[in-house]
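This is start_30.pdb. It holds PDB, C-alpha atoms, pLDDT in the B column.
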```pdb
ATOM      1  CA  MET A   1      12.274  -7.764 -10.570  1.00 89.00           C
ATOM      2  CA  ASP A   2      10.614  -6.182  -7.539  1.00 91.00           C
ATOM      3  CA  ASN A   3       7.940  -8.896  -7.416  1.00 91.00           C
ATOM      4  CA  GLU A   4      10.630 -11.587  -7.514  1.00 94.00           C
ATOM      5  CA  VAL A   5      12.593  -9.866  -4.771  1.00 96.00           C
ATOM      6  CA  ARG A   6       9.509  -9.478  -2.607  1.00 95.00           C
ATOM      7  CA  HIS A   7       8.596 -13.127  -3.177  1.00 95.00           C
ATOM      8  CA  THR A   8      12.086 -14.252  -2.162  1.00 96.00           C
ATOM      9  CA  VAL A   9      12.155 -11.975   0.873  1.00 97.00           C
ATOM     10  CA  TYR A  10       8.854 -13.325   2.176  1.00 96.00           C
ATOM     11  CA  ASP A  11       9.580 -16.907   1.151  1.00 96.00           C
ATOM     12  CA  VAL A  12      12.765 -16.915   3.245  1.00 97.00           C
ATOM     13  CA  THR A  13      11.289 -14.876   6.073  1.00 97.00           C
ATOM     14  CA  MET A  14       8.183 -17.011   6.459  1.00 96.00           C
ATOM     15  CA  ARG A  15      10.241 -20.223   6.476  1.00 95.00           C
ATOM     16  CA  GLU A  16      13.050 -19.012   8.750  1.00 96.00           C
ATOM     17  CA  GLY A  17      11.671 -16.057  10.708  1.00 96.00           C
ATOM     18  CA  VAL A  18      14.322 -13.513   9.688  1.00 96.00           C
ATOM     19  CA  PRO A  19      14.379 -11.329   6.563  1.00 97.00           C
ATOM     20  CA  PRO A  20      17.279 -12.266   4.262  1.00 98.00           C
ATOM     21  CA  SER A  21      20.243 -10.113   3.344  1.00 97.00           C
ATOM     22  CA  ALA A  22      20.480  -8.520  -0.081  1.00 97.00           C
ATOM     23  CA  ALA A  23      23.383 -10.863  -0.879  1.00 97.00           C
ATOM     24  CA  ARG A  24      21.277 -13.927  -0.169  1.00 97.00           C
ATOM     25  CA  VAL A  25      18.376 -12.641  -2.280  1.00 98.00           C
ATOM     26  CA  ALA A  26      20.844 -11.878  -5.078  1.00 97.00           C
ATOM     27  CA  GLU A  27      22.268 -15.397  -4.919  1.00 97.00           C
ATOM     28  CA  THR A  28      18.789 -16.921  -4.967  1.00 97.00           C
ATOM     29  CA  LEU A  29      17.725 -14.863  -7.972  1.00 97.00           C
ATOM     30  CA  GLY A  30      21.045 -15.075  -9.801  1.00 97.00           C
ATOM     31  CA  THR A  31      21.567 -11.341  -9.875  1.00 97.00           C
ATOM     32  CA  THR A  32      23.805  -8.769  -8.220  1.00 97.00           C
ATOM     33  CA  ARG A  33      23.590  -7.474  -4.664  1.00 97.00           C
ATOM     34  CA  GLU A  34      23.459  -3.936  -6.062  1.00 96.00           C
ATOM     35  CA  SER A  35      20.360  -4.657  -8.135  1.00 97.00           C
ATOM     36  CA  VAL A  36      18.662  -6.241  -5.122  1.00 97.00           C
ATOM     37  CA  MET A  37      19.560  -3.231  -2.961  1.00 97.00           C
ATOM     38  CA  ALA A  38      17.985  -0.999  -5.596  1.00 97.00           C
ATOM     39  CA  SER A  39      14.879  -3.166  -5.520  1.00 97.00           C
ATOM     40  CA  PHE A  40      14.789  -3.011  -1.706  1.00 98.00           C
ATOM     41  CA  LEU A  41      14.806   0.772  -2.028  1.00 97.00           C
ATOM     42  CA  ARG A  42      11.883   0.770  -4.475  1.00 96.00           C
ATOM     43  CA  LEU A  43       9.940  -1.633  -2.243  1.00 95.00           C
ATOM     44  CA  ALA A  44      10.605   0.632   0.724  1.00 95.00           C
ATOM     45  CA  GLU A  45       9.422   3.665  -1.234  1.00 93.00           C
ATOM     46  CA  ALA A  46       6.276   1.661  -1.998  1.00 90.00           C
ATOM     47  CA  ARG A  47       5.946   0.997   1.752  1.00 88.00           C
ATOM     48  CA  MET A  48       6.368  -2.752   1.437  1.00 90.00           C
ATOM     49  CA  LEU A  49       9.651  -2.931   3.380  1.00 94.00           C
ATOM     50  CA  VAL A  50      11.459  -0.761   5.923  1.00 94.00           C
ATOM     51  CA  LEU A  51      15.229  -0.551   5.520  1.00 96.00           C
ATOM     52  CA  GLN A  52      18.166  -0.087   7.855  1.00 95.00           C
ATOM     53  CA  PRO A  53      20.430   2.936   7.245  1.00 94.00           C
ATOM     54  CA  GLY A  54      22.816   0.756   5.216  1.00 94.00           C
ATOM     55  CA  GLY A  55      20.038  -0.434   2.932  1.00 96.00           C
ATOM     56  CA  GLU A  56      19.444  -3.943   4.305  1.00 97.00           C
ATOM     57  CA  ILE A  57      15.954  -4.896   5.512  1.00 97.00           C
ATOM     58  CA  LEU A  58      14.899  -3.741   8.976  1.00 96.00           C
ATOM     59  CA  MET A  59      11.253  -4.771   8.727  1.00 95.00           C
ATOM     60  CA  ALA A  60       9.431  -7.121   6.392  1.00 96.00           C
ATOM     61  CA  GLY A  61       6.148  -6.693   8.178  1.00 93.00           C
ATOM     62  CA  PRO A  62       5.269  -8.286  10.508  1.00 96.00           C
ATOM     63  CA  PHE A  63       8.807  -9.683  10.915  1.00 97.00           C
ATOM     64  CA  SER A  64      11.789  -7.757  12.307  1.00 96.00           C
ATOM     65  CA  ALA A  65      15.375  -8.325  11.212  1.00 96.00           C
ATOM     66  CA  VAL A  66      16.661  -7.226  14.617  1.00 96.00           C
ATOM     67  CA  PRO A  67      15.786  -8.297  18.170  1.00 97.00           C
ATOM     68  CA  THR A  68      12.816  -6.510  19.740  1.00 96.00           C
ATOM     69  CA  PRO A  69      10.752  -6.919  22.938  1.00 95.00           C
ATOM     70  CA  PHE A  70       8.271  -9.022  20.930  1.00 97.00           C
ATOM     71  CA  GLU A  71       9.506 -12.600  20.578  1.00 98.00           C
ATOM     72  CA  VAL A  72       7.340 -15.121  18.772  1.00 98.00           C
ATOM     73  CA  SER A  73       7.713 -18.898  18.862  1.00 97.00           C
ATOM     74  CA  VAL A  74       6.026 -20.299  15.775  1.00 95.00           C
ATOM     75  CA  SER A  75       6.449 -23.011  13.133  1.00 85.00           C
ATOM     76  CA  GLY A  76       9.508 -24.515  14.806  1.00 89.00           C
ATOM     77  CA  TYR A  77      11.511 -21.314  15.206  1.00 95.00           C
ATOM     78  CA  SER A  78      11.659 -18.148  17.318  1.00 96.00           C
ATOM     79  CA  CYS A  79      11.620 -14.757  15.675  1.00 97.00           C
ATOM     80  CA  TYR A  80      11.017 -11.097  16.424  1.00 97.00           C
ATOM     81  CA  ALA A  81       8.087  -8.850  15.536  1.00 97.00           C
ATOM     82  CA  ASN A  82       8.123  -5.067  15.168  1.00 95.00           C
ATOM     83  CA  CYS A  83       5.380  -4.416  17.729  1.00 94.00           C
ATOM     84  CA  ILE A  84       2.621  -6.226  19.591  1.00 96.00           C
ATOM     85  CA  TRP A  85       0.285  -6.007  16.589  1.00 95.00           C
ATOM     86  CA  ASP A  86       2.964  -7.550  14.375  1.00 96.00           C
ATOM     87  CA  ALA A  87       3.639 -10.204  17.016  1.00 97.00           C
ATOM     88  CA  LEU A  88       0.070 -11.363  16.454  1.00 97.00           C
ATOM     89  CA  GLY A  89       0.480 -10.756  12.735  1.00 96.00           C
ATOM     90  CA  ILE A  90       3.129 -13.488  12.445  1.00 97.00           C
ATOM     91  CA  PRO A  91       0.806 -16.389  13.350  1.00 97.00           C
ATOM     92  CA  ALA A  92      -1.875 -14.669  11.266  1.00 96.00           C
ATOM     93  CA  MET A  93       0.404 -14.576   8.216  1.00 95.00           C
ATOM     94  CA  LEU A  94       1.627 -18.146   8.732  1.00 96.00           C
ATOM     95  CA  ASP A  95      -1.809 -19.472   9.737  1.00 95.00           C
ATOM     96  CA  ALA A  96      -0.042 -21.270  12.556  1.00 96.00           C
ATOM     97  CA  ASP A  97      -0.173 -21.669  16.305  1.00 97.00           C
ATOM     98  CA  ALA A  98       2.240 -19.411  18.183  1.00 97.00           C
ATOM     99  CA  VAL A  99       3.368 -18.153  21.564  1.00 97.00           C
ATOM    100  CA  VAL A 100       4.200 -14.461  21.959  1.00 97.00           C
ATOM    101  CA  HIS A 101       6.587 -13.489  24.748  1.00 97.00           C
ATOM    102  CA  THR A 102       6.718  -9.829  25.727  1.00 97.00           C
ATOM    103  CA  ASN A 103       6.564  -7.502  28.713  1.00 97.00           C
ATOM    104  CA  CYS A 104       4.213  -4.781  29.882  1.00 97.00           C
ATOM    105  CA  ALA A 105       5.763  -1.534  28.594  1.00 95.00           C
ATOM    106  CA  ASP A 106       4.949   0.166  31.896  1.00 95.00           C
ATOM    107  CA  CYS A 107       5.533  -2.286  34.740  1.00 96.00           C
ATOM    108  CA  GLY A 108       7.728  -4.785  32.910  1.00 95.00           C
ATOM    109  CA  GLU A 109       5.674  -7.790  33.959  1.00 95.00           C
ATOM    110  CA  ARG A 110       6.322 -10.776  31.698  1.00 96.00           C
ATOM    111  CA  ALA A 111       3.394 -11.693  29.480  1.00 96.00           C
ATOM    112  CA  THR A 112       2.622 -14.715  27.349  1.00 96.00           C
ATOM    113  CA  ILE A 113      -0.033 -14.656  24.655  1.00 97.00           C
ATOM    114  CA  ARG A 114      -0.963 -17.849  22.864  1.00 97.00           C
ATOM    115  CA  VAL A 115      -2.574 -18.341  19.479  1.00 97.00           C
ATOM    116  CA  THR A 116      -4.014 -21.820  19.089  1.00 97.00           C
ATOM    117  CA  GLY A 117      -6.308 -23.038  16.359  1.00 95.00           C
ATOM    118  CA  GLY A 118      -7.067 -19.514  15.239  1.00 94.00           C
ATOM    119  CA  GLU A 119      -8.030 -18.341  18.717  1.00 95.00           C
ATOM    120  CA  VAL A 120      -6.030 -16.076  21.010  1.00 96.00           C
ATOM    121  CA  SER A 121      -5.674 -16.531  24.754  1.00 93.00           C
ATOM    122  CA  GLY A 122      -4.041 -14.148  27.147  1.00 89.00           C
ATOM    123  CA  SER A 123      -4.886 -10.856  28.752  1.00 92.00           C
ATOM    124  CA  GLY A 124      -3.719  -7.305  28.288  1.00 96.00           C
ATOM    125  CA  PHE A 125      -3.989  -4.468  25.844  1.00 97.00           C
ATOM    126  CA  MET A 126      -2.419  -3.030  22.728  1.00 96.00           C
ATOM    127  CA  HIS A 127      -1.825   0.732  22.835  1.00 96.00           C
ATOM    128  CA  LEU A 128      -1.353   2.799  19.695  1.00 94.00           C
ATOM    129  CA  VAL A 129       0.052   6.288  20.233  1.00 89.00           C
ATOM    130  CA  LEU A 130      -0.091   7.421  16.615  1.00 89.00           C
ATOM    131  CA  PRO A 131      -3.200   7.337  14.405  1.00 88.00           C
ATOM    132  CA  PRO A 132      -2.990   5.367  11.139  1.00 86.00           C
ATOM    133  CA  ARG A 133      -2.589   8.466   9.004  1.00 84.00           C
ATOM    134  CA  LEU A 134       0.816   9.060  10.681  1.00 77.00           C
ATOM    135  CA  TRP A 135       2.112   5.491  10.811  1.00 77.00           C
ATOM    136  CA  TRP A 136       4.327   5.655   7.759  1.00 73.00           C
ATOM    137  CA  THR A 137       5.620   9.132   8.596  1.00 72.00           C
ATOM    138  CA  HIS A 138       7.092   7.668  11.802  1.00 71.00           C
ATOM    139  CA  ILE A 139       7.196   3.961  11.009  1.00 67.00           C
ATOM    140  CA  VAL A 140       9.914   2.959  13.473  1.00 66.00           C
ATOM    141  CA  TYR A 141       8.308   4.946  16.299  1.00 63.00           C
ATOM    142  CA  THR A 142       4.935   3.463  15.362  1.00 63.00           C
TER     143      THR A 142
ATOM    144  CA  MET B   1       2.485  -0.296  19.330  1.00 90.00           C
ATOM    145  CA  LEU B   2       3.228  -1.585  22.774  1.00 94.00           C
ATOM    146  CA  TYR B   3       1.757  -4.205  25.058  1.00 97.00           C
ATOM    147  CA  PHE B   4       0.344  -3.278  28.466  1.00 97.00           C
ATOM    148  CA  ARG B   5      -0.922  -5.483  31.262  1.00 97.00           C
ATOM    149  CA  SER B   6      -3.805  -3.136  32.162  1.00 97.00           C
ATOM    150  CA  GLU B   7      -5.399   0.182  31.238  1.00 96.00           C
ATOM    151  CA  GLU B   8      -3.936   1.626  34.433  1.00 96.00           C
ATOM    152  CA  ASP B   9      -0.482   0.754  33.114  1.00 97.00           C
ATOM    153  CA  ILE B  10      -1.295   2.600  29.878  1.00 97.00           C
ATOM    154  CA  ASP B  11      -2.378   5.724  31.761  1.00 96.00           C
ATOM    155  CA  ARG B  12       0.735   5.665  33.955  1.00 96.00           C
ATOM    156  CA  TRP B  13       3.001   5.170  30.942  1.00 96.00           C
ATOM    157  CA  CYS B  14       1.340   8.017  29.004  1.00 95.00           C
ATOM    158  CA  SER B  15       1.700  10.302  32.011  1.00 95.00           C
ATOM    159  CA  LEU B  16       5.375   9.366  32.429  1.00 94.00           C
ATOM    160  CA  TRP B  17       6.168  10.094  28.782  1.00 94.00           C
ATOM    161  CA  ARG B  18       3.786  13.076  28.571  1.00 94.00           C
ATOM    162  CA  LEU B  19       1.870  11.506  25.723  1.00 92.00           C
ATOM    163  CA  GLU B  20      -1.815  11.582  25.044  1.00 92.00           C
ATOM    164  CA  ARG B  21      -3.578   8.287  25.376  1.00 93.00           C
ATOM    165  CA  GLY B  22      -4.092   6.899  21.864  1.00 93.00           C
ATOM    166  CA  ALA B  23      -6.197   3.909  20.874  1.00 95.00           C
ATOM    167  CA  VAL B  24      -6.474   0.961  23.216  1.00 96.00           C
ATOM    168  CA  LEU B  25      -7.422  -2.500  21.971  1.00 97.00           C
ATOM    169  CA  PRO B  26      -7.996  -5.571  24.125  1.00 97.00           C
ATOM    170  CA  ILE B  27      -5.702  -8.352  22.969  1.00 96.00           C
ATOM    171  CA  ASP B  28      -8.536 -10.358  21.397  1.00 96.00           C
ATOM    172  CA  LEU B  29      -9.476  -7.405  19.198  1.00 96.00           C
ATOM    173  CA  GLY B  30      -5.789  -6.924  18.406  1.00 96.00           C
ATOM    174  CA  TRP B  31      -5.716 -10.517  17.171  1.00 97.00           C
ATOM    175  CA  LYS B  32      -8.720  -9.891  14.917  1.00 96.00           C
ATOM    176  CA  LEU B  33      -6.985  -6.813  13.527  1.00 96.00           C
ATOM    177  CA  ALA B  34      -3.754  -8.766  12.960  1.00 96.00           C
ATOM    178  CA  ARG B  35      -5.628 -11.524  11.136  1.00 96.00           C
ATOM    179  CA  ALA B  36      -7.454  -9.069   8.922  1.00 95.00           C
ATOM    180  CA  TRP B  37      -4.269  -7.141   8.171  1.00 94.00           C
ATOM    181  CA  TYR B  38      -1.730  -9.915   7.660  1.00 94.00           C
ATOM    182  CA  SER B  39      -3.617 -12.959   6.395  1.00 88.00           C
ATOM    183  CA  GLU B  40      -2.919 -12.233   2.725  1.00 87.00           C
ATOM    184  CA  ASP B  41       0.048 -14.002   1.132  1.00 88.00           C
ATOM    185  CA  ARG B  42       2.696 -11.390   0.409  1.00 88.00           C
ATOM    186  CA  ARG B  43       4.640 -13.880  -1.724  1.00 88.00           C
ATOM    187  CA  ASP B  44       1.862 -13.689  -4.292  1.00 87.00           C
ATOM    188  CA  PRO B  45       2.942 -11.416  -7.189  1.00 84.00           C
ATOM    189  CA  ARG B  46      -0.601 -10.052  -7.285  1.00 87.00           C
ATOM    190  CA  TRP B  47      -0.358  -8.842  -3.691  1.00 88.00           C
ATOM    191  CA  ARG B  48      -0.489  -5.079  -3.302  1.00 87.00           C
ATOM    192  CA  ARG B  49      -0.921  -2.709  -0.413  1.00 87.00           C
ATOM    193  CA  ARG B  50      -4.481  -1.822   0.424  1.00 90.00           C
ATOM    194  CA  SER B  51      -5.853   1.495  -0.737  1.00 90.00           C
ATOM    195  CA  SER B  52      -6.842   4.070   1.866  1.00 90.00           C
ATOM    196  CA  GLN B  53     -10.494   3.180   1.290  1.00 93.00           C
ATOM    197  CA  GLU B  54      -9.783  -0.513   1.781  1.00 93.00           C
ATOM    198  CA  VAL B  55      -7.900   0.169   4.998  1.00 93.00           C
ATOM    199  CA  GLN B  56     -10.746   2.334   6.259  1.00 94.00           C
ATOM    200  CA  SER B  57     -13.232  -0.436   5.453  1.00 95.00           C
ATOM    201  CA  LEU B  58     -11.059  -2.998   7.223  1.00 95.00           C
ATOM    202  CA  PHE B  59     -10.976  -0.861  10.361  1.00 95.00           C
ATOM    203  CA  ALA B  60     -14.729  -0.268  10.168  1.00 95.00           C
ATOM    204  CA  SER B  61     -15.404  -4.006   9.868  1.00 96.00           C
ATOM    205  CA  LEU B  62     -13.836  -4.374  13.324  1.00 96.00           C
ATOM    206  CA  GLY B  63     -15.737  -1.434  14.812  1.00 95.00           C
ATOM    207  CA  LEU B  64     -12.739   0.907  14.665  1.00 95.00           C
ATOM    208  CA  THR B  65     -14.631   3.971  13.523  1.00 94.00           C
ATOM    209  CA  SER B  66     -13.487   6.784  15.812  1.00 93.00           C
ATOM    210  CA  ASP B  67     -11.570   9.765  14.454  1.00 92.00           C
ATOM    211  CA  PHE B  68      -8.327   8.120  15.625  1.00 93.00           C
ATOM    212  CA  TRP B  69      -8.779   5.463  12.946  1.00 94.00           C
ATOM    213  CA  ARG B  70      -9.339   7.941  10.126  1.00 92.00           C
ATOM    214  CA  VAL B  71      -6.806   7.117   7.417  1.00 90.00           C
ATOM    215  CA  THR B  72      -6.728  10.403   5.501  1.00 84.00           C
TER     216      THR B  72
END
```
Any chance you could put this one into C-alpha cells?
Amino acid sequence: MDNEVRHTVYDVTMREGVPPSAARVAETLGTTRESVMASFLRLAEARMLVLQPGGEILMAGPFSAVPTPFEVSVSGYSCYANCIWDALGIPAMLDADAVVHTNCADCGERATIRVTGGEVSGSGFMHLVLPPRLWWTHIVYT
Amino acid sequence: MLYFRSEEDIDRWCSLWRLERGAVLPIDLGWKLARAWYSEDRRDPRWRRRSSQEVQSLFASLGLTSDFWRVT
C-alpha cells in the first residue's frame, strides 16, 4: 500500500509540480481517503514525506505543496521547492532543463539560476544553518 | 537552506539573526549535491532512503568532509 501511495504521489507531482491530495490519491488507487492518510503518516514517519498539520502533504521532496520563495519553471509548468537545494533538486529529479527564481535572503536581490543540459549557470551561494544530523529534527526550519 | 547573492550577505544575515555561520556551498557545488541526492526515481518501488553510511559517502564524494557534514 505505502509503495503504491508513494508511486502515485511522485507520479502526479513529477508530472504536475504539486503533490496530490489524499482524496486524489485515494481515487487513483481505488481506496479510501482515510487509508491514504494513514499511509501518508507512515511515509512521514519513514521520512519520505512531510505532512501539514491536517495530514495532507506539505513536502514531497524536493517539491513543496505550498508557495515558497523558490519558484522553479520546468517541464512546462511552474512549481515550488522547499529550499534552494530542493529548487535544484527538481531539475535533477526530472532530468530536465529549468529556471529557478528566488531572492537573496539578506538583500532581497532577485536571482535567476538556470539548469541547461545538465549544467548550472548563475552565481550565488547556498547556506545551510543546520548540520545534516539535525535536518529531520527541524525539517521545516531546515 | 537559503540562497544568498554573496558571502558578505551570508555574514550580515547570520549577524542579524544571531546565528552561527553554517556550511556555504557555491551554487555549482549545490547543483552537484542536488543531482547526487535527487537523481534516483522515487516512483520505483525499490527506492529507499539512503543509510547514514551512504549519505556520508555521498557527501564525501563531493568533498563535504568537515565535521558539519557528519551524519551521526
Any idea which chain A residues end up within 8 Å of chain B if we count only C-alpha atoms, as a ChimeraX atom specification please? /A:3-4,6-8,10-11,48,62,83-86,88-90,92-95,102-107,109,111,120-133,142
Those same residues - C-alpha atoms - I'd like them written as an mmCIF file, keeping the file's coordinate frame.
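Output (part_20.cif):
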```cif
data_model
loop_
_atom_site.group_PDB
_atom_site.id
_atom_site.type_symbol
_atom_site.label_atom_id
_atom_site.label_comp_id
_atom_site.auth_asym_id
_atom_site.auth_seq_id
_atom_site.Cartn_x
_atom_site.Cartn_y
_atom_site.Cartn_z
ATOM 1 C CA ASN A 3 7.940 -8.896 -7.416
ATOM 2 C CA GLU A 4 10.630 -11.587 -7.514
ATOM 3 C CA ARG A 6 9.509 -9.478 -2.607
ATOM 4 C CA HIS A 7 8.596 -13.127 -3.177
ATOM 5 C CA THR A 8 12.086 -14.252 -2.162
ATOM 6 C CA TYR A 10 8.854 -13.325 2.176
ATOM 7 C CA ASP A 11 9.580 -16.907 1.151
ATOM 8 C CA MET A 48 6.368 -2.752 1.437
ATOM 9 C CA PRO A 62 5.269 -8.286 10.508
ATOM 10 C CA CYS A 83 5.380 -4.416 17.729
ATOM 11 C CA ILE A 84 2.621 -6.226 19.591
ATOM 12 C CA TRP A 85 0.285 -6.007 16.589
ATOM 13 C CA ASP A 86 2.964 -7.550 14.375
ATOM 14 C CA LEU A 88 0.070 -11.363 16.454
ATOM 15 C CA GLY A 89 0.480 -10.756 12.735
ATOM 16 C CA ILE A 90 3.129 -13.488 12.445
ATOM 17 C CA ALA A 92 -1.875 -14.669 11.266
ATOM 18 C CA MET A 93 0.404 -14.576 8.216
ATOM 19 C CA LEU A 94 1.627 -18.146 8.732
ATOM 20 C CA ASP A 95 -1.809 -19.472 9.737
ATOM 21 C CA THR A 102 6.718 -9.829 25.727
ATOM 22 C CA ASN A 103 6.564 -7.502 28.713
ATOM 23 C CA CYS A 104 4.213 -4.781 29.882
ATOM 24 C CA ALA A 105 5.763 -1.534 28.594
ATOM 25 C CA ASP A 106 4.949 0.166 31.896
ATOM 26 C CA CYS A 107 5.533 -2.286 34.740
ATOM 27 C CA GLU A 109 5.674 -7.790 33.959
ATOM 28 C CA ALA A 111 3.394 -11.693 29.480
ATOM 29 C CA VAL A 120 -6.030 -16.076 21.010
ATOM 30 C CA SER A 121 -5.674 -16.531 24.754
ATOM 31 C CA GLY A 122 -4.041 -14.148 27.147
ATOM 32 C CA SER A 123 -4.886 -10.856 28.752
ATOM 33 C CA GLY A 124 -3.719 -7.305 28.288
ATOM 34 C CA PHE A 125 -3.989 -4.468 25.844
ATOM 35 C CA MET A 126 -2.419 -3.030 22.728
ATOM 36 C CA HIS A 127 -1.825 0.732 22.835
ATOM 37 C CA LEU A 128 -1.353 2.799 19.695
ATOM 38 C CA VAL A 129 0.052 6.288 20.233
ATOM 39 C CA LEU A 130 -0.091 7.421 16.615
ATOM 40 C CA PRO A 131 -3.200 7.337 14.405
ATOM 41 C CA PRO A 132 -2.990 5.367 11.139
ATOM 42 C CA ARG A 133 -2.589 8.466 9.004
ATOM 43 C CA THR A 142 4.935 3.463 15.362
#
```
On this structure, which residues satisfy the PyMOL selection byres ((chain A and resi 65) around 9), written as a list in words?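 Output of the PyMOL selection byres ((chain A and resi 65) around 9): Gly17, Val18, Pro19, Pro20, Ile57, Leu58, Met59, Ala60, Phe63, Ser64, Val66, Pro67, Cys79, Tyr80, Ala81 and Asn82 of chain A.
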Axis-aligned box over every listed atom of stretch 46-63 of chain A, padded by 4 Å per side: centre and edges in Å to one decimal, as JSON?
```
{"center_x": 14.0, "center_y": -3.4, "center_z": 4.5, "size_x": 25.5, "size_y": 20.6, "size_z": 20.9}
```
What's around A:Val25 at 8 Å? Count all atoms listed in the file, leave out sequence neighbours fewer than 4 positions away in its own chain, and write the answer as a list in words. Val5, Thr8, Val9, Pro20, Ser21, Leu29, Arg33 and Val36 of chain A
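Between atom CA of A:Thr68 and atom CA of A:Val12 the interatomic distance comes to 19.5 Å.
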Residue nearest A:Glu119 among A:Gly76, A:Leu134, A:Ala98, A:Leu49 (counting only C-alpha atoms):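 Selected residue with least distance to A:Glu119: A:Ala98.
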Residues selected by the PyMOL selection byres ((chain A and resi 56) around 8), written as number ranges by chain: A: 21-22, 37, 40, 51-55, 57-58
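A straight line drawn from atom CA of A:Gly117 to atom CA of A:Tyr77 is 17.9 Å long.
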I'd like the interatomic distance between atom CA of A:Val100 and atom CA of A:Ser78, to a tenth of an Å.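 Answer for the atom CA of A:Val100 to atom CA of A:Ser78 separation: 9.5 Å.
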Calculated over all atoms listed in the file, which of the candidates A:Arg110, A:Glu16, A:Arg24, A:Ser73 has the smallest distance to A:Pro91?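 Between A:Arg110, A:Glu16, A:Arg24, A:Ser73, the residue approaching A:Pro91 most closely is A:Ser73.
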Between A:Asp2, A:Ile113, A:Ser75, A:Ala38, which one has atoms that come closest to A:Ala87, using only C-alpha atoms? A:Ile113
